[in-house]
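Chemist: One file: work32.pdb (PDB, C-alpha atoms, pLDDT in the B column).
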```
ATOM      1  CA  GLN A 895     128.008  76.248  82.524  1.00 70.00           C
ATOM      2  CA  GLY A 896     128.490  74.180  79.406  1.00 75.00           C
ATOM      3  CA  ASP A 897     132.216  74.826  78.990  1.00 84.00           C
ATOM      4  CA  ARG A 898     134.176  72.002  80.580  1.00 89.00           C
ATOM      5  CA  SER A 899     137.403  74.008  80.306  1.00 88.00           C
ATOM      6  CA  ARG A 900     136.025  76.815  82.497  1.00 92.00           C
ATOM      7  CA  PRO A 901     136.656  76.198  86.220  1.00 95.00           C
ATOM      8  CA  LEU A 902     133.933  76.967  88.747  1.00 95.00           C
ATOM      9  CA  ALA A 903     136.082  79.734  90.250  1.00 95.00           C
ATOM     10  CA  THR A 904     135.944  81.713  86.988  1.00 94.00           C
ATOM     11  CA  LYS A 905     132.189  82.254  86.936  1.00 93.00           C
ATOM     12  CA  PRO A 906     131.016  85.691  85.775  1.00 93.00           C
ATOM     13  CA  LYS A 907     130.482  88.259  88.521  1.00 96.00           C
ATOM     14  CA  LEU A 908     128.431  91.451  88.452  1.00 98.00           C
ATOM     15  CA  SER A 909     129.211  94.660  90.303  1.00 98.00           C
ATOM     16  CA  GLY A 910     126.475  96.112  92.500  1.00 97.00           C
ATOM     17  CA  ASP A 911     125.394  98.501  89.745  1.00 98.00           C
ATOM     18  CA  GLU A 912     125.470  95.740  87.138  1.00 99.00           C
ATOM     19  CA  MET A 913     123.299  93.527  89.366  1.00 98.00           C
ATOM     20  CA  LYS A 914     120.780  96.355  89.761  1.00 98.00           C
ATOM     21  CA  ALA A 915     120.617  96.862  85.990  1.00 98.00           C
ATOM     22  CA  TYR A 916     120.398  93.104  85.331  1.00 98.00           C
ATOM     23  CA  ALA A 917     117.577  92.697  87.856  1.00 98.00           C
ATOM     24  CA  ARG A 918     115.718  95.709  86.482  1.00 98.00           C
ATOM     25  CA  ARG A 919     115.948  94.473  82.865  1.00 98.00           C
ATOM     26  CA  LEU A 920     114.812  90.985  83.817  1.00 97.00           C
ATOM     27  CA  THR A 921     111.911  92.437  85.798  1.00 97.00           C
ATOM     28  CA  GLU A 922     110.828  94.409  82.733  1.00 97.00           C
ATOM     29  CA  PHE A 923     111.128  91.289  80.584  1.00 97.00           C
ATOM     30  CA  GLY A 924     109.181  89.241  83.141  1.00 96.00           C
ATOM     31  CA  GLU A 925     106.412  91.837  83.196  1.00 96.00           C
ATOM     32  CA  TRP A 926     106.253  91.818  79.394  1.00 97.00           C
ATOM     33  CA  CYS A 927     106.124  88.002  79.343  1.00 97.00           C
ATOM     34  CA  ALA A 928     103.261  88.034  81.865  1.00 96.00           C
ATOM     35  CA  GLU A 929     101.371  90.528  79.674  1.00 96.00           C
ATOM     36  CA  GLN A 930     101.763  88.055  76.787  1.00 98.00           C
ATOM     37  CA  GLY A 931     100.305  85.252  78.899  1.00 97.00           C
ATOM     38  CA  MET A 932     103.687  83.568  79.432  1.00 96.00           C
ATOM     39  CA  PRO A 933     104.726  84.059  83.061  1.00 93.00           C
ATOM     40  CA  LEU A 934     108.455  83.786  83.631  1.00 94.00           C
ATOM     41  CA  SER A 935     110.439  82.626  86.661  1.00 96.00           C
ATOM     42  CA  TYR A 936     114.109  83.375  87.289  1.00 97.00           C
ATOM     43  CA  HIS A 937     116.297  80.290  87.806  1.00 98.00           C
ATOM     44  CA  HIS A 938     119.563  80.940  89.654  1.00 98.00           C
ATOM     45  CA  HIS A 939     122.289  78.494  88.664  1.00 96.00           C
ATOM     46  CA  MET A 940     125.821  77.354  89.320  1.00 95.00           C
ATOM     47  CA  ALA A 941     128.415  79.099  87.143  1.00 92.00           C
ATOM     48  CA  ALA A 942     126.000  81.959  86.408  1.00 94.00           C
ATOM     49  CA  VAL A 943     125.860  85.575  87.580  1.00 97.00           C
ATOM     50  CA  VAL A 944     123.308  84.650  90.258  1.00 98.00           C
ATOM     51  CA  GLU A 945     124.797  81.581  91.922  1.00 97.00           C
ATOM     52  CA  THR A 946     125.462  82.225  95.608  1.00 98.00           C
ATOM     53  CA  GLU A 947     122.983  83.112  98.331  1.00 98.00           C
ATOM     54  CA  PRO A 948     124.278  86.720  98.589  1.00 98.00           C
ATOM     55  CA  GLU A 949     123.934  87.078  94.802  1.00 98.00           C
ATOM     56  CA  LEU A 950     120.408  85.658  94.970  1.00 99.00           C
ATOM     57  CA  ASP A 951     119.534  88.051  97.795  1.00 99.00           C
ATOM     58  CA  ALA A 952     120.885  91.006  95.783  1.00 98.00           C
ATOM     59  CA  PHE A 953     118.980  89.941  92.674  1.00 99.00           C
ATOM     60  CA  MET A 954     115.752  89.572  94.617  1.00 99.00           C
ATOM     61  CA  ARG A 955     116.265  92.910  96.366  1.00 98.00           C
ATOM     62  CA  HIS A 956     116.785  94.748  93.060  1.00 98.00           C
ATOM     63  CA  SER A 957     114.205  92.912  90.959  1.00 98.00           C
ATOM     64  CA  GLY A 958     110.475  93.393  91.216  1.00 96.00           C
ATOM     65  CA  GLU A 959     107.334  91.321  91.536  1.00 93.00           C
ATOM     66  CA  GLY A 960     107.346  90.904  87.746  1.00 92.00           C
ATOM     67  CA  ILE A 961     110.068  88.289  88.033  1.00 95.00           C
ATOM     68  CA  PRO A 962     109.170  85.396  90.335  1.00 96.00           C
ATOM     69  CA  LEU A 963     111.843  82.969  91.505  1.00 98.00           C
ATOM     70  CA  LEU A 964     112.423  79.361  90.618  1.00 98.00           C
ATOM     71  CA  LEU A 965     114.303  78.229  93.727  1.00 99.00           C
ATOM     72  CA  ASP A 966     116.750  75.441  92.916  1.00 98.00           C
ATOM     73  CA  ALA A 967     117.584  73.654  96.164  1.00 98.00           C
ATOM     74  CA  GLY A 968     120.459  71.705  94.621  1.00 98.00           C
ATOM     75  CA  HIS A 969     122.162  74.658  92.963  1.00 98.00           C
ATOM     76  CA  LEU A 970     121.806  76.819  96.058  1.00 98.00           C
ATOM     77  CA  ALA A 971     123.282  74.116  98.295  1.00 98.00           C
ATOM     78  CA  PHE A 972     126.086  73.483  95.771  1.00 98.00           C
ATOM     79  CA  ALA A 973     126.933  77.202  95.962  1.00 98.00           C
ATOM     80  CA  GLY A 974     127.120  77.028  99.771  1.00 98.00           C
ATOM     81  CA  GLY A 975     123.728  78.607 100.417  1.00 98.00           C
ATOM     82  CA  ASP A 976     121.211  77.843 103.141  1.00 99.00           C
ATOM     83  CA  VAL A 977     118.071  76.558 101.412  1.00 99.00           C
ATOM     84  CA  LEU A 978     115.791  77.048 104.422  1.00 99.00           C
ATOM     85  CA  ARG A 979     116.946  80.637 104.912  1.00 99.00           C
ATOM     86  CA  ALA A 980     116.403  81.363 101.212  1.00 99.00           C
ATOM     87  CA  ILE A 981     112.863  79.989 101.490  1.00 99.00           C
ATOM     88  CA  ASP A 982     112.222  82.223 104.503  1.00 99.00           C
ATOM     89  CA  ASN A 983     113.679  85.264 102.747  1.00 99.00           C
ATOM     90  CA  HIS A 984     112.004  84.844  99.358  1.00 99.00           C
ATOM     91  CA  HIS A 985     108.917  82.632  99.818  1.00 98.00           C
ATOM     92  CA  LYS A 986     106.549  85.366  98.650  1.00 98.00           C
ATOM     93  CA  ARG A 987     108.135  85.366  95.185  1.00 98.00           C
ATOM     94  CA  ILE A 988     108.884  81.660  94.716  1.00 98.00           C
ATOM     95  CA  SER A 989     106.737  80.183  91.953  1.00 97.00           C
ATOM     96  CA  HIS A 990     108.635  76.964  91.230  1.00 96.00           C
ATOM     97  CA  VAL A 991     111.033  74.714  93.142  1.00 98.00           C
ATOM     98  CA  HIS A 992     113.636  72.375  91.672  1.00 96.00           C
ATOM     99  CA  VAL A 993     113.997  69.469  94.066  1.00 95.00           C
ATOM    100  CA  LYS A 994     117.323  68.061  92.959  1.00 95.00           C
ATOM    101  CA  ASP A 995     119.568  66.808  95.737  1.00 98.00           C
ATOM    102  CA  VAL A 996     123.340  67.159  96.069  1.00 98.00           C
ATOM    103  CA  ARG A 997     126.137  64.961  97.305  1.00 99.00           C
ATOM    104  CA  MET A 998     128.148  67.327  99.485  1.00 98.00           C
ATOM    105  CA  ASP A 999     130.953  64.771  99.798  1.00 98.00           C
ATOM    106  CA  VAL A1000     131.486  65.109  96.021  1.00 98.00           C
ATOM    107  CA  ILE A1001     131.112  68.903  96.058  1.00 98.00           C
ATOM    108  CA  ASP A1002     133.497  69.333  98.986  1.00 98.00           C
ATOM    109  CA  LYS A1003     136.256  67.470  97.091  1.00 98.00           C
ATOM    110  CA  LEU A1004     136.046  69.661  93.975  1.00 97.00           C
ATOM    111  CA  ASP A1005     138.997  71.854  93.064  1.00 97.00           C
ATOM    112  CA  ARG A1006     137.046  74.925  91.985  1.00 95.00           C
ATOM    113  CA  THR A1007     140.165  76.447  90.426  1.00 96.00           C
ATOM    114  CA  LYS A1008     140.478  73.495  88.011  1.00 97.00           C
ATOM    115  CA  GLN A1009     137.145  71.699  87.775  1.00 97.00           C
ATOM    116  CA  SER A1010     134.076  72.937  85.915  1.00 96.00           C
ATOM    117  CA  PHE A1011     130.369  72.675  86.545  1.00 96.00           C
ATOM    118  CA  LEU A1012     130.206  69.850  83.989  1.00 95.00           C
ATOM    119  CA  ASP A1013     133.033  68.052  85.796  1.00 96.00           C
ATOM    120  CA  ALA A1014     130.989  68.262  88.994  1.00 97.00           C
ATOM    121  CA  VAL A1015     127.922  66.865  87.234  1.00 97.00           C
ATOM    122  CA  ALA A1016     129.959  63.997  85.746  1.00 96.00           C
ATOM    123  CA  LEU A1017     131.400  63.209  89.190  1.00 97.00           C
ATOM    124  CA  GLY A1018     127.880  62.867  90.615  1.00 98.00           C
ATOM    125  CA  ALA A1019     127.375  66.162  92.458  1.00 98.00           C
ATOM    126  CA  PHE A1020     123.620  66.014  91.784  1.00 98.00           C
ATOM    127  CA  THR A1021     121.210  63.216  92.583  1.00 97.00           C
ATOM    128  CA  VAL A1022     117.529  62.553  93.189  1.00 95.00           C
ATOM    129  CA  PRO A1023     115.805  63.834  96.343  1.00 95.00           C
ATOM    130  CA  GLY A1024     116.543  61.623  99.324  1.00 94.00           C
ATOM    131  CA  ASP A1025     119.782  60.232  97.903  1.00 96.00           C
ATOM    132  CA  GLY A1026     121.975  63.179  98.866  1.00 98.00           C
ATOM    133  CA  SER A1027     122.722  65.664 101.602  1.00 98.00           C
ATOM    134  CA  LEU A1028     119.595  67.836 101.640  1.00 98.00           C
ATOM    135  CA  ASP A1029     116.748  67.303 104.092  1.00 98.00           C
ATOM    136  CA  PHE A1030     113.733  67.486 101.802  1.00 97.00           C
ATOM    137  CA  GLY A1031     111.358  66.800 104.674  1.00 97.00           C
ATOM    138  CA  ALA A1032     112.500  70.058 106.271  1.00 98.00           C
ATOM    139  CA  ILE A1033     112.443  71.885 102.931  1.00 98.00           C
ATOM    140  CA  VAL A1034     108.886  70.806 102.089  1.00 98.00           C
ATOM    141  CA  GLN A1035     107.767  71.589 105.641  1.00 98.00           C
ATOM    142  CA  ARG A1036     109.238  75.096 105.397  1.00 99.00           C
ATOM    143  CA  PHE A1037     107.311  75.693 102.188  1.00 99.00           C
ATOM    144  CA  ALA A1038     104.142  74.379 103.859  1.00 98.00           C
ATOM    145  CA  ASP A1039     104.750  76.702 106.812  1.00 99.00           C
ATOM    146  CA  HIS A1040     104.738  79.624 104.363  1.00 99.00           C
ATOM    147  CA  GLY A1041     101.596  78.395 102.574  1.00 98.00           C
ATOM    148  CA  TYR A1042     103.410  77.608  99.316  1.00 98.00           C
ATOM    149  CA  GLU A1043     101.113  76.312  96.568  1.00 95.00           C
ATOM    150  CA  GLY A1044     103.443  76.427  93.556  1.00 93.00           C
ATOM    151  CA  TRP A1045     105.214  73.795  91.536  1.00 92.00           C
ATOM    152  CA  PHE A1046     107.799  71.271  92.730  1.00 95.00           C
ATOM    153  CA  VAL A1047     109.750  69.946  89.737  1.00 94.00           C
TER     154      VAL A1047
END
```
So that I can check it, write out the structure of this file as structure tokens.

Modeler:
Amino acid sequence: QGDRSRPLATKPKLSGDEMKAYARRLTEFGEWCAEQGMPLSYHHHMAAVVETEPELDAFMRHSGEGIPLLLDAGHLAFAGGDVLRAIDNHHKRISHVHVKDVRMDVIDKLDRTKQSFLDAVALGAFTVPGDGSLDFGAIVQRFADHGYEGWFV
């Protein structure tokens, strides 16, 4: 994520077995953190092993209740995911929401074989809610429909 020389297309990828092991270890760590009075939430991210919606779905399927989700609307949209579907699929485990917006016109012009995550940030891929491509009215309504009472950051 912080290496400007590393193109988006070269992000790390986990095999199915590696994802299971990763999710299991993070669940154990999340459970331990909760026992210490420090609840943990997992934050998926661009240029990380859990970036895309299918990767998020796999992580959530293989991890347990001990690792809640910080859903990042901007990162999920950047990765081509459907934010509303992710809310529907994972609302029971979402404890935090990042409400950053994205400019899809910037994202769509990226050359993922040459440009990095930091290049995308410098070009203005992210912005404040309401200034980009995401419909935060629909996102907030979907959370309300599911009775969400967690944090929006």

Chemist: Mind running range 895-978 of chain A against range 1034-1045 of chain A at 12 Å and telling me each contacting residue's nearest atom pair with the distance in Å (one decimal), counting only C-alpha atoms, chain and number ascending, as a Markdown table?

Modeler:
```
| residue | atom | partner | partner_atom | distance |
| --- | --- | --- | --- | --- |
| A:Ser935 | CA | A:Trp1045 | CA | 11.4 |
| A:Pro962 | CA | A:Gly1044 | CA | 11.1 |
| A:Leu963 | CA | A:Gly1044 | CA | 10.8 |
| A:Leu964 | CA | A:Trp1045 | CA | 9.2 |
| A:Leu965 | CA | A:Trp1045 | CA | 10.3 |
| A:Asp966 | CA | A:Trp1045 | CA | 11.7 |
| A:Ala967 | CA | A:Val1034 | CA | 10.9 |
| A:Val977 | CA | A:Arg1036 | CA | 9.8 |
| A:Leu978 | CA | A:Arg1036 | CA | 6.9 |
```

Chemist: So that I can check the surroundings of range 943-953 of chain A, please list as a PDB file with C-alpha atoms, in the coordinates of the input every protein, DNA and RNA residue that reaches within 7 Å of it, counting only C-alpha atoms and ignoring chain neighbours fewer than 6 positions away.

Modeler:
```pdb
ATOM      1  CA  PRO A 906     131.016  85.691  85.775  1.00 93.00           C
ATOM      2  CA  LYS A 907     130.482  88.259  88.521  1.00 96.00           C
ATOM      3  CA  LEU A 908     128.431  91.451  88.452  1.00 98.00           C
ATOM      4  CA  MET A 913     123.299  93.527  89.366  1.00 98.00           C
ATOM      5  CA  ALA A 917     117.577  92.697  87.856  1.00 98.00           C
ATOM      6  CA  LEU A 970     121.806  76.819  96.058  1.00 98.00           C
ATOM      7  CA  ALA A 973     126.933  77.202  95.962  1.00 98.00           C
ATOM      8  CA  GLY A 974     127.120  77.028  99.771  1.00 98.00           C
ATOM      9  CA  GLY A 975     123.728  78.607 100.417  1.00 98.00           C
TER      10      GLY A 975
END
```

Chemist: Mind pulling up the distance from CA of Asp976 in chain A to CA of Pro1023 in chain A?

Modeler: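 These two atoms are separated by 16.5 Å.
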
Chemist: Output the residue selection produced by the PyMOL selection byres ((chain A and resi 1012) around 9) on the file above, formatted as a PyMOL selection string.

Modeler: chain A and resi 895-898+1009-1011+1013-1017

Chemist: Emit the selected residues as an mmCIF file, in the frame of the given file, including C-alpha atoms.

Modeler:
```cif
data_model
loop_
_atom_site.group_PDB
_atom_site.id
_atom_site.type_symbol
_atom_site.label_atom_id
_atom_site.label_comp_id
_atom_site.auth_asym_id
_atom_site.auth_seq_id
_atom_site.Cartn_x
_atom_site.Cartn_y
_atom_site.Cartn_z
ATOM 1 C CA GLN A 895 128.008 76.248 82.524
ATOM 2 C CA GLY A 896 128.490 74.180 79.406
ATOM 3 C CA ASP A 897 132.216 74.826 78.990
ATOM 4 C CA ARG A 898 134.176 72.002 80.580
ATOM 5 C CA GLN A 1009 137.145 71.699 87.775
ATOM 6 C CA SER A 1010 134.076 72.937 85.915
ATOM 7 C CA PHE A 1011 130.369 72.675 86.545
ATOM 8 C CA ASP A 1013 133.033 68.052 85.796
ATOM 9 C CA ALA A 1014 130.989 68.262 88.994
ATOM 10 C CA VAL A 1015 127.922 66.865 87.234
ATOM 11 C CA ALA A 1016 129.959 63.997 85.746
ATOM 12 C CA LEU A 1017 131.400 63.209 89.190
#
```

Chemist: I'd like to know which of A:Met932, A:Ala915, A:Ile981, A:Ala942 is closest to His956 in chain A, using all atoms listed in the file.

Modeler: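 Among A:Met932, A:Ala915, A:Ile981, A:Ala942, it is A:Ala915 that comes nearest to His956 in chain A.
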
Chemist: Pick the closest to Cys927 in chain A from A:Ala903, A:Val1022, A:Met940, A:Ile961: which is it, counting all atoms listed in the file?

Modeler: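 Checking each of A:Ala903, A:Val1022, A:Met940, A:Ile961 against Cys927 in chain A, counting all atoms listed in the file, the winner is A:Ile961.
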
Chemist: Since fewer atoms than expected are present, regenerate N, CA and C atoms for range 902-923 of chain A and write them as a PDB file, keeping the file's coordinate frame.

Modeler:
```
ATOM      1  N   LEU A 902     134.990  76.341  87.945  1.00 95.00           N
ATOM      2  CA  LEU A 902     133.933  76.967  88.747  1.00 95.00           C
ATOM      3  C   LEU A 902     134.348  78.334  89.283  1.00 95.00           C
ATOM      4  N   ALA A 903     135.605  78.482  89.651  1.00 95.00           N
ATOM      5  CA  ALA A 903     136.082  79.734  90.250  1.00 95.00           C
ATOM      6  C   ALA A 903     136.081  80.905  89.268  1.00 95.00           C
ATOM      7  N   THR A 904     135.897  80.632  87.982  1.00 94.00           N
ATOM      8  CA  THR A 904     135.944  81.713  86.988  1.00 94.00           C
ATOM      9  C   THR A 904     134.556  82.154  86.529  1.00 94.00           C
ATOM     10  N   LYS A 905     133.553  81.861  87.318  1.00 93.00           N
ATOM     11  CA  LYS A 905     132.189  82.254  86.936  1.00 93.00           C
ATOM     12  C   LYS A 905     132.098  83.769  86.768  1.00 93.00           C
ATOM     13  N   PRO A 906     131.174  84.240  85.931  1.00 93.00           N
ATOM     14  CA  PRO A 906     131.016  85.691  85.775  1.00 93.00           C
ATOM     15  C   PRO A 906     130.479  86.326  87.059  1.00 93.00           C
ATOM     16  N   LYS A 907     130.936  87.530  87.329  1.00 96.00           N
ATOM     17  CA  LYS A 907     130.482  88.259  88.521  1.00 96.00           C
ATOM     18  C   LYS A 907     130.016  89.647  88.089  1.00 96.00           C
ATOM     19  N   LEU A 908     128.957  90.116  88.726  1.00 98.00           N
ATOM     20  CA  LEU A 908     128.431  91.451  88.452  1.00 98.00           C
ATOM     21  C   LEU A 908     128.764  92.384  89.606  1.00 98.00           C
ATOM     22  N   SER A 909     129.064  93.639  89.267  1.00 98.00           N
ATOM     23  CA  SER A 909     129.211  94.660  90.303  1.00 98.00           C
ATOM     24  C   SER A 909     127.821  94.967  90.860  1.00 98.00           C
ATOM     25  N   GLY A 910     127.761  95.725  91.926  1.00 97.00           N
ATOM     26  CA  GLY A 910     126.475  96.112  92.500  1.00 97.00           C
ATOM     27  C   GLY A 910     125.590  96.830  91.498  1.00 97.00           C
ATOM     28  N   ASP A 911     126.169  97.767  90.749  1.00 98.00           N
ATOM     29  CA  ASP A 911     125.394  98.501  89.745  1.00 98.00           C
ATOM     30  C   ASP A 911     124.957  97.596  88.601  1.00 98.00           C
ATOM     31  N   GLU A 912     125.834  96.677  88.200  1.00 99.00           N
ATOM     32  CA  GLU A 912     125.470  95.740  87.138  1.00 99.00           C
ATOM     33  C   GLU A 912     124.339  94.816  87.587  1.00 99.00           C
ATOM     34  N   MET A 913     124.369  94.384  88.850  1.00 98.00           N
ATOM     35  CA  MET A 913     123.299  93.527  89.366  1.00 98.00           C
ATOM     36  C   MET A 913     121.973  94.284  89.368  1.00 98.00           C
ATOM     37  N   LYS A 914     122.009  95.550  89.772  1.00 98.00           N
ATOM     38  CA  LYS A 914     120.780  96.355  89.761  1.00 98.00           C
ATOM     39  C   LYS A 914     120.207  96.449  88.353  1.00 98.00           C
ATOM     40  N   ALA A 915     121.071  96.730  87.378  1.00 98.00           N
ATOM     41  CA  ALA A 915     120.617  96.862  85.990  1.00 98.00           C
ATOM     42  C   ALA A 915     120.103  95.524  85.459  1.00 98.00           C
ATOM     43  N   TYR A 916     120.802  94.448  85.758  1.00 98.00           N
ATOM     44  CA  TYR A 916     120.398  93.104  85.331  1.00 98.00           C
ATOM     45  C   TYR A 916     119.024  92.763  85.906  1.00 98.00           C
ATOM     46  N   ALA A 917     118.852  92.997  87.188  1.00 98.00           N
ATOM     47  CA  ALA A 917     117.577  92.697  87.856  1.00 98.00           C
ATOM     48  C   ALA A 917     116.450  93.553  87.288  1.00 98.00           C
ATOM     49  N   ARG A 918     116.733  94.810  87.036  1.00 98.00           N
ATOM     50  CA  ARG A 918     115.718  95.709  86.482  1.00 98.00           C
ATOM     51  C   ARG A 918     115.295  95.251  85.081  1.00 98.00           C
ATOM     52  N   ARG A 919     116.276  94.916  84.230  1.00 98.00           N
ATOM     53  CA  ARG A 919     115.948  94.473  82.865  1.00 98.00           C
ATOM     54  C   ARG A 919     115.157  93.170  82.880  1.00 98.00           C
ATOM     55  N   LEU A 920     115.551  92.245  83.747  1.00 97.00           N
ATOM     56  CA  LEU A 920     114.812  90.985  83.817  1.00 97.00           C
ATOM     57  C   LEU A 920     113.407  91.188  84.369  1.00 97.00           C
ATOM     58  N   THR A 921     113.252  92.123  85.293  1.00 97.00           N
ATOM     59  CA  THR A 921     111.911  92.437  85.798  1.00 97.00           C
ATOM     60  C   THR A 921     111.041  92.958  84.663  1.00 97.00           C
ATOM     61  N   GLU A 922     111.581  93.868  83.870  1.00 97.00           N
ATOM     62  CA  GLU A 922     110.828  94.409  82.733  1.00 97.00           C
ATOM     63  C   GLU A 922     110.455  93.296  81.756  1.00 97.00           C
ATOM     64  N   PHE A 923     111.403  92.404  81.487  1.00 97.00           N
ATOM     65  CA  PHE A 923     111.128  91.289  80.584  1.00 97.00           C
ATOM     66  C   PHE A 923     110.070  90.362  81.182  1.00 97.00           C
TER      67      PHE A 923
END
```
